[in-house]
file work01.cif (mmCIF, C-alpha atoms)
data_final
loop_
_atom_site.label_atom_id
_atom_site.label_comp_id
_atom_site.auth_asym_id
_atom_site.auth_seq_id
_atom_site.Cartn_x
_atom_site.Cartn_y
_atom_site.Cartn_z
CA MET A 1 109.49 90.14 63.50
CA TYR A 2 106.93 92.95 63.72
CA ASN A 3 107.02 94.92 67.01
CA LYS A 4 103.94 97.08 67.76
CA THR A 5 105.56 98.80 70.79
CA LEU A 6 108.14 100.60 68.65
CA GLU A 7 105.47 101.89 66.32
CA SER A 8 103.86 105.22 67.15
CA ILE A 9 100.19 105.24 67.99
CA THR A 10 97.60 107.75 66.75
CA VAL A 11 95.81 110.05 69.18
CA LYS A 12 92.50 108.40 68.25
CA GLU A 13 93.87 104.91 69.02
CA ALA A 14 95.43 106.11 72.25
CA THR A 15 92.16 107.77 73.28
CA LYS A 16 90.22 104.54 72.69
CA LYS A 17 92.79 102.56 74.68
CA MET A 18 92.58 105.02 77.55
CA GLU A 19 88.76 104.95 77.50
CA HIS A 20 88.89 101.16 77.90
CA TYR A 21 91.56 101.49 80.59
CA CYS A 22 89.34 103.89 82.56
CA ALA A 23 86.14 101.91 81.97
CA TYR A 24 87.73 98.74 83.38
CA GLN A 25 88.23 100.32 86.82
CA GLU A 26 88.43 103.76 88.42
CA ARG A 27 91.72 105.52 87.70
CA CYS A 28 93.42 108.63 89.02
CA HIS A 29 95.25 111.25 86.97
CA LYS A 30 98.61 109.75 87.99
CA ASP A 31 97.60 106.32 86.63
CA ILE A 32 96.58 107.93 83.33
CA ARG A 33 99.76 110.00 83.03
CA ASP A 34 101.90 106.93 83.79
CA LYS A 35 100.05 104.88 81.17
CA LEU A 36 100.26 107.67 78.58
CA ASN A 37 104.00 107.98 79.21
CA THR A 38 104.42 104.41 77.98
CA MET A 39 102.91 105.43 74.64
CA LYS A 40 104.97 107.34 72.08
CA LEU A 41 102.94 110.57 72.18
CA ILE A 42 103.83 114.24 72.22
CA PRO A 43 102.87 116.19 75.40
CA GLU A 44 100.03 118.04 73.56
CA ALA A 45 98.45 114.73 72.55
CA LYS A 46 98.64 113.44 76.13
CA GLU A 47 96.92 116.57 77.43
CA LYS A 48 94.25 116.32 74.72
CA ILE A 49 93.50 112.74 75.77
CA ILE A 50 93.31 113.66 79.48
CA VAL A 51 90.92 116.53 78.70
CA HIS A 52 88.76 114.16 76.61
CA LEU A 53 88.66 111.60 79.45
CA LEU A 54 87.64 114.30 81.93
CA GLU A 55 84.96 115.76 79.64
CA GLN A 56 83.48 112.33 78.93
CA ASN A 57 83.57 111.47 82.65
CA PHE A 58 85.93 108.51 82.20
CA LEU A 59 88.27 110.22 84.65
CA ASN A 60 86.97 111.66 87.91
CA GLU A 61 89.37 112.11 90.81
CA GLU A 62 86.67 112.37 93.48
CA ARG A 63 84.94 109.22 92.27
CA PHE A 64 88.32 107.43 92.20
CA ALA A 65 89.15 108.53 95.76
CA LYS A 66 85.77 107.37 97.10
CA SER A 67 86.05 104.01 95.37
CA PHE A 68 89.66 103.57 96.52
CA ALA A 69 88.85 104.38 100.16
CA ARG A 70 85.81 102.07 100.24
CA GLY A 71 87.67 99.21 98.60
CA LYS A 72 90.86 99.38 100.65
CA PHE A 73 88.87 99.67 103.87
CA ARG A 74 86.31 96.95 103.19
CA ILE A 75 88.52 94.48 101.34
CA LYS A 76 92.03 95.01 102.70
CA LYS A 77 90.93 96.34 106.12
CA TRP A 78 93.23 99.37 105.92
CA GLY A 79 92.96 102.19 108.44
CA LYS A 80 92.49 105.84 107.49
CA LYS A 81 96.19 106.71 107.84
CA ARG A 82 97.19 104.12 105.23
CA ILE A 83 94.36 105.16 102.89
CA ILE A 84 95.39 108.83 103.18
CA ARG A 85 99.06 107.95 102.56
CA GLU A 86 98.21 105.93 99.45
CA LEU A 87 95.88 108.63 98.07
CA LYS A 88 98.56 111.30 98.61
CA PHE A 89 101.06 109.06 96.79
CA ARG A 90 98.61 109.09 93.86
CA GLN A 91 98.56 112.92 94.04
CA ILE A 92 94.89 113.14 95.06
CA SER A 93 93.82 116.55 96.39
CA GLU A 94 93.15 117.14 100.10
CA TYR A 95 89.51 117.90 99.25
CA CYS A 96 89.01 114.56 97.48
CA ILE A 97 90.73 112.72 100.34
CA LYS A 98 88.35 114.30 102.88
CA VAL A 99 85.33 113.41 100.73
CA ALA A 100 86.62 109.85 100.29
CA LEU A 101 87.05 109.28 104.02
CA LYS A 102 83.39 110.19 104.55
CA GLU A 103 82.59 106.94 102.73
CA ILE A 104 83.65 105.11 105.88
CA THR A 105 81.26 105.48 108.83
CA ASP A 106 82.70 105.78 112.34
CA ASN A 107 80.74 102.74 113.55
CA GLU A 108 81.91 100.55 110.68
CA TYR A 109 85.47 101.81 111.13
CA LEU A 110 85.68 101.01 114.84
CA GLU A 111 83.82 97.72 114.44
CA THR A 112 86.29 96.59 111.76
CA PHE A 113 89.26 97.74 113.82
CA HIS A 114 88.19 95.80 116.91
CA LEU A 115 87.39 92.73 114.84
CA ILE A 116 90.76 92.56 113.04
CA ALA A 117 92.72 93.45 116.19
CA GLU A 118 91.10 90.66 118.19
CA LYS A 119 91.40 88.16 115.35
CA LYS A 120 95.10 88.96 114.84
CA PHE A 121 95.79 88.88 118.60
CA THR A 122 94.38 85.36 118.91
CA SER A 123 96.27 84.20 115.80
CA ILE A 124 99.71 85.34 117.03
CA ILE A 125 101.47 82.32 118.46
CA GLU A 126 103.96 83.82 120.88
CA LYS A 127 104.62 82.92 124.51
CA ASP A 128 106.35 86.20 125.37
CA THR A 129 103.59 88.76 126.06
CA PHE A 130 105.87 91.67 125.13
CA LYS A 131 106.70 90.15 121.72
CA LYS A 132 103.04 89.27 121.10
CA ARG A 133 102.01 92.87 121.83
CA LYS A 134 104.78 94.20 119.57
CA LYS A 135 103.66 91.96 116.69
CA LEU A 136 100.07 93.15 117.04
CA ILE A 137 101.13 96.81 117.24
CA ASP A 138 103.32 96.47 114.13
CA TYR A 139 100.54 94.71 112.24
CA LEU A 140 97.91 97.36 113.04
CA LEU A 141 100.17 100.38 112.51
CA TYR A 142 101.38 99.03 109.15
CA ARG A 143 97.76 98.81 108.02
CA GLY A 144 97.25 102.46 108.89
CA TRP A 145 95.24 102.37 112.09
CA GLU A 146 95.64 105.35 114.42
CA ASN A 147 98.23 105.10 117.22
CA GLU A 148 95.72 105.91 119.99
CA LEU A 149 93.35 103.16 118.82
CA VAL A 150 96.15 100.63 118.48
CA PHE A 151 97.78 101.21 121.87
CA GLU A 152 94.44 101.37 123.67
CA LYS A 153 93.35 98.08 122.07
CA VAL A 154 96.66 96.33 122.77
CA LYS A 155 96.45 97.38 126.43
CA GLU A 156 92.84 96.14 126.58
CA LEU A 157 93.70 92.77 125.01
CA SER A 158 96.81 92.31 127.19
CA ASP A 159 94.91 93.15 130.39
CA TYR A 160 92.06 90.85 129.35
CA LYS A 161 94.39 87.90 128.83
#

call {"tool": "encode", "arguments": {"input": "work01.cif", "output": "structure tokens"}}
result
Amino acid sequence: MYNKTLESITVKEATKKMEHYCAYQERCHKDIRDKLNTMKLIPEAKEKIIVHLLEQNFLNEERFAKSFARGKFRIKKWGKKRIIRELKFRQISEYCIKVALKEITDNEYLETFHLIAEKKFTSIIEKDTFKKRKKLIDYLLYRGWENELVFEKVKELSDYK
């Protein structure tokens, strides 16, 4: 049987593959390096491909960070702490992280926080108030919302009940 994965790939073929990979969705340098490491290429070829992707604007760390922050906030309802943690894991620079967080307005951020906190609080089926509060705190902190916001909201919701 013929196995393409064992066969080496040319730089031109690898470049085309990486262009398609980047065109499909925004990627960071770490994603590209990880993908290139799966291909049987020498380090010089990998660097040549990365330089090509940067020059042709297929790869742009700032654009990736902005897109990532917007998407994770609007779709997954993550807080800034979780977004920052995930961007750092992807080796995004502090500058790009700061720029990315500006994509989220303070009003939208707080509005979303209050909405998900209240929705989750009402959905937790727990008689014990202490356990219900703990579940809400764990849920919000895991999603990267700031401690002050979380504890203030939990107190507000508990007092309201």

call {"tool": "atom_distance", "arguments": {"input": "work01.cif", "atom1": "atom CA of Ile124 of chain A", "atom2": "atom CA of Ile83 of chain A"}}
result
24.9 Å

call {"tool": "atom_distance", "arguments": {"input": "work01.cif", "atom1": "atom CA of Lys120 of chain A", "atom2": "atom CA of Asp106 of chain A"}}
result
21.0 Å

call {"tool": "closest_atom_pairs", "arguments": {"input": "work01.cif", "of": "segment 51-86 of chain A", "to": "segment 15-39 of chain A", "cutoff": "8 Å", "atoms": "only C-alpha atoms", "output": "JSON lines"}}
result
{"residue": "A:His52", "atom": "CA", "partner": "A:Thr15", "partner_atom": "CA", "distance": 8.0}
{"residue": "A:Leu53", "atom": "CA", "partner": "A:Glu19", "partner_atom": "CA", "distance": 6.9}
{"residue": "A:Phe58", "atom": "CA", "partner": "A:Cys22", "partner_atom": "CA", "distance": 5.8}
{"residue": "A:Leu59", "atom": "CA", "partner": "A:Arg27", "partner_atom": "CA", "distance": 6.6}
{"residue": "A:Asn60", "atom": "CA", "partner": "A:Cys28", "partner_atom": "CA", "distance": 7.2}
{"residue": "A:Glu61", "atom": "CA", "partner": "A:Cys28", "partner_atom": "CA", "distance": 5.6}
{"residue": "A:Arg63", "atom": "CA", "partner": "A:Glu26", "partner_atom": "CA", "distance": 7.5}
{"residue": "A:Phe64", "atom": "CA", "partner": "A:Glu26", "partner_atom": "CA", "distance": 5.3}
{"residue": "A:Ala65", "atom": "CA", "partner": "A:Cys28", "partner_atom": "CA", "distance": 8.0}
{"residue": "A:Ser67", "atom": "CA", "partner": "A:Glu26", "partner_atom": "CA", "distance": 7.4}

call {"tool": "atom_distance", "arguments": {"input": "work01.cif", "atom1": "atom CA of Glu118 of chain A", "atom2": "atom CA of Leu136 of chain A"}}
result
9.4 Å

call {"tool": "closest_residue", "arguments": {"input": "work01.cif", "among": "A:Leu101, A:Val11, A:Leu115, A:Leu157", "to": "Lys132 of chain A", "atoms": "only C-alpha atoms"}}
result
A:Leu157

call {"tool": "closest_residue", "arguments": {"input": "work01.cif", "among": "A:Lys134, A:Lys76, A:Lys153, A:Lys98", "to": "Leu110 of chain A", "atoms": "all atoms listed in the file"}}
result
A:Lys153

call {"tool": "decode", "arguments": {"input": "work01.cif", "residues": "segment 127-140 of chain A", "atoms": "all heavy atoms", "output": "mmCIF file, in the first residue's frame"}}
result
data_model
loop_
_atom_site.group_PDB
_atom_site.id
_atom_site.type_symbol
_atom_site.label_atom_id
_atom_site.label_comp_id
_atom_site.auth_asym_id
_atom_site.auth_seq_id
_atom_site.Cartn_x
_atom_site.Cartn_y
_atom_site.Cartn_z
ATOM 1 N N LYS A 127 -30.584 22.891 46.473
ATOM 2 C CA LYS A 127 -31.322 23.423 47.631
ATOM 3 C C LYS A 127 -30.385 24.200 48.564
ATOM 4 O O LYS A 127 -30.731 25.260 49.057
ATOM 5 C CB LYS A 127 -31.995 22.281 48.407
ATOM 6 C CG LYS A 127 -33.027 21.527 47.602
ATOM 7 C CD LYS A 127 -34.364 22.234 47.594
ATOM 8 C CE LYS A 127 -35.422 21.393 46.916
ATOM 9 N NZ LYS A 127 -35.812 21.888 45.621
ATOM 10 N N ASP A 128 -29.200 23.644 48.781
ATOM 11 C CA ASP A 128 -28.223 24.256 49.686
ATOM 12 C C ASP A 128 -27.663 25.531 49.045
ATOM 13 O O ASP A 128 -27.007 25.481 48.001
ATOM 14 C CB ASP A 128 -27.102 23.244 49.956
ATOM 15 C CG ASP A 128 -26.099 23.729 50.990
ATOM 16 O OD1 ASP A 128 -25.989 24.945 51.205
ATOM 17 O OD2 ASP A 128 -25.423 22.861 51.586
ATOM 18 N N THR A 129 -27.913 26.667 49.658
ATOM 19 C CA THR A 129 -27.481 27.967 49.125
ATOM 20 C C THR A 129 -25.966 28.024 48.971
ATOM 21 O O THR A 129 -25.459 28.546 47.983
ATOM 22 C CB THR A 129 -27.951 29.117 50.048
ATOM 23 O OG1 THR A 129 -29.329 28.934 50.316
ATOM 24 C CG2 THR A 129 -27.743 30.471 49.407
ATOM 25 N N PHE A 130 -25.245 27.479 49.967
ATOM 26 C CA PHE A 130 -23.781 27.491 49.921
ATOM 27 C C PHE A 130 -23.263 26.735 48.699
ATOM 28 O O PHE A 130 -22.397 27.206 47.967
ATOM 29 C CB PHE A 130 -23.204 26.883 51.206
ATOM 30 C CG PHE A 130 -21.706 26.860 51.226
ATOM 31 C CD1 PHE A 130 -20.976 28.017 51.485
ATOM 32 C CD2 PHE A 130 -21.015 25.688 50.951
ATOM 33 C CE1 PHE A 130 -19.581 27.997 51.488
ATOM 34 C CE2 PHE A 130 -19.632 25.658 50.941
ATOM 35 C CZ PHE A 130 -18.907 26.817 51.215
ATOM 36 N N LYS A 131 -23.825 25.548 48.453
ATOM 37 C CA LYS A 131 -23.404 24.724 47.307
ATOM 38 C C LYS A 131 -23.768 25.398 45.990
ATOM 39 O O LYS A 131 -23.010 25.336 45.019
ATOM 40 C CB LYS A 131 -24.041 23.332 47.376
ATOM 41 C CG LYS A 131 -23.434 22.442 48.433
ATOM 42 C CD LYS A 131 -24.093 21.079 48.431
ATOM 43 C CE LYS A 131 -23.538 20.181 49.510
ATOM 44 N NZ LYS A 131 -24.259 18.910 49.585
ATOM 45 N N LYS A 132 -24.937 26.033 45.957
ATOM 46 C CA LYS A 132 -25.380 26.724 44.742
ATOM 47 C C LYS A 132 -24.428 27.871 44.419
ATOM 48 O O LYS A 132 -24.019 28.043 43.272
ATOM 49 C CB LYS A 132 -26.811 27.246 44.923
ATOM 50 C CG LYS A 132 -27.399 27.845 43.655
ATOM 51 C CD LYS A 132 -28.873 28.130 43.808
ATOM 52 C CE LYS A 132 -29.447 28.640 42.494
ATOM 53 N NZ LYS A 132 -30.901 28.709 42.502
ATOM 54 N N ARG A 133 -24.053 28.622 45.447
ATOM 55 C CA ARG A 133 -23.096 29.730 45.257
ATOM 56 C C ARG A 133 -21.751 29.198 44.776
ATOM 57 O O ARG A 133 -21.135 29.769 43.881
ATOM 58 C CB ARG A 133 -22.932 30.499 46.564
ATOM 59 C CG ARG A 133 -24.163 31.322 46.942
ATOM 60 C CD ARG A 133 -24.033 31.949 48.295
ATOM 61 N NE ARG A 133 -22.958 32.942 48.286
ATOM 62 C CZ ARG A 133 -22.637 33.687 49.311
ATOM 63 N NH1 ARG A 133 -23.284 33.583 50.447
ATOM 64 N NH2 ARG A 133 -21.646 34.560 49.219
ATOM 65 N N LYS A 134 -21.298 28.109 45.381
ATOM 66 C CA LYS A 134 -20.001 27.506 45.005
ATOM 67 C C LYS A 134 -20.015 27.075 43.539
ATOM 68 O O LYS A 134 -19.050 27.307 42.812
ATOM 69 C CB LYS A 134 -19.698 26.309 45.909
ATOM 70 C CG LYS A 134 -18.523 25.460 45.456
ATOM 71 C CD LYS A 134 -17.390 25.485 46.418
ATOM 72 C CE LYS A 134 -16.246 24.576 46.043
ATOM 73 N NZ LYS A 134 -15.535 24.918 44.834
ATOM 74 N N LYS A 135 -21.101 26.454 43.112
ATOM 75 C CA LYS A 135 -21.212 26.011 41.720
ATOM 76 C C LYS A 135 -21.152 27.202 40.756
ATOM 77 O O LYS A 135 -20.500 27.129 39.716
ATOM 78 C CB LYS A 135 -22.495 25.211 41.493
ATOM 79 C CG LYS A 135 -22.436 23.812 42.056
ATOM 80 C CD LYS A 135 -23.706 23.038 41.781
ATOM 81 C CE LYS A 135 -23.620 21.641 42.350
ATOM 82 N NZ LYS A 135 -24.778 20.821 42.026
ATOM 83 N N LEU A 136 -21.823 28.275 41.104
ATOM 84 C CA LEU A 136 -21.814 29.469 40.257
ATOM 85 C C LEU A 136 -20.419 30.088 40.215
ATOM 86 O O LEU A 136 -19.924 30.436 39.142
ATOM 87 C CB LEU A 136 -22.835 30.497 40.753
ATOM 88 C CG LEU A 136 -22.909 31.790 39.943
ATOM 89 C CD1 LEU A 136 -23.305 31.513 38.487
ATOM 90 C CD2 LEU A 136 -23.878 32.783 40.574
ATOM 91 N N ILE A 137 -19.781 30.184 41.377
ATOM 92 C CA ILE A 137 -18.421 30.742 41.445
ATOM 93 C C ILE A 137 -17.473 29.917 40.587
ATOM 94 O O ILE A 137 -16.713 30.458 39.775
ATOM 95 C CB ILE A 137 -17.928 30.817 42.913
ATOM 96 C CG1 ILE A 137 -18.701 31.899 43.661
ATOM 97 C CG2 ILE A 137 -16.429 31.076 42.984
ATOM 98 C CD1 ILE A 137 -18.527 31.862 45.175
ATOM 99 N N ASP A 138 -17.507 28.603 40.741
ATOM 100 C CA ASP A 138 -16.630 27.717 39.963
ATOM 101 C C ASP A 138 -16.859 27.880 38.464
ATOM 102 O O ASP A 138 -15.910 27.956 37.682
ATOM 103 C CB ASP A 138 -16.842 26.250 40.354
ATOM 104 C CG ASP A 138 -16.334 25.939 41.758
ATOM 105 O OD1 ASP A 138 -15.592 26.761 42.334
ATOM 106 O OD2 ASP A 138 -16.696 24.861 42.284
ATOM 107 N N TYR A 139 -18.125 27.947 38.097
ATOM 108 C CA TYR A 139 -18.495 28.096 36.680
ATOM 109 C C TYR A 139 -17.916 29.393 36.102
ATOM 110 O O TYR A 139 -17.302 29.385 35.035
ATOM 111 C CB TYR A 139 -20.026 28.090 36.558
ATOM 112 C CG TYR A 139 -20.553 28.377 35.168
ATOM 113 C CD1 TYR A 139 -20.637 27.374 34.216
ATOM 114 C CD2 TYR A 139 -20.962 29.663 34.806
ATOM 115 C CE1 TYR A 139 -21.121 27.627 32.939
ATOM 116 C CE2 TYR A 139 -21.447 29.925 33.529
ATOM 117 C CZ TYR A 139 -21.524 28.909 32.610
ATOM 118 O OH TYR A 139 -21.987 29.170 31.346
ATOM 119 N N LEU A 140 -18.113 30.496 36.801
ATOM 120 C CA LEU A 140 -17.667 31.804 36.294
ATOM 121 C C LEU A 140 -16.145 31.946 36.310
ATOM 122 O O LEU A 140 -15.565 32.475 35.368
ATOM 123 C CB LEU A 140 -18.325 32.934 37.087
ATOM 124 C CG LEU A 140 -19.849 33.036 36.928
ATOM 125 C CD1 LEU A 140 -20.423 34.016 37.935
ATOM 126 C CD2 LEU A 140 -20.230 33.420 35.508
#
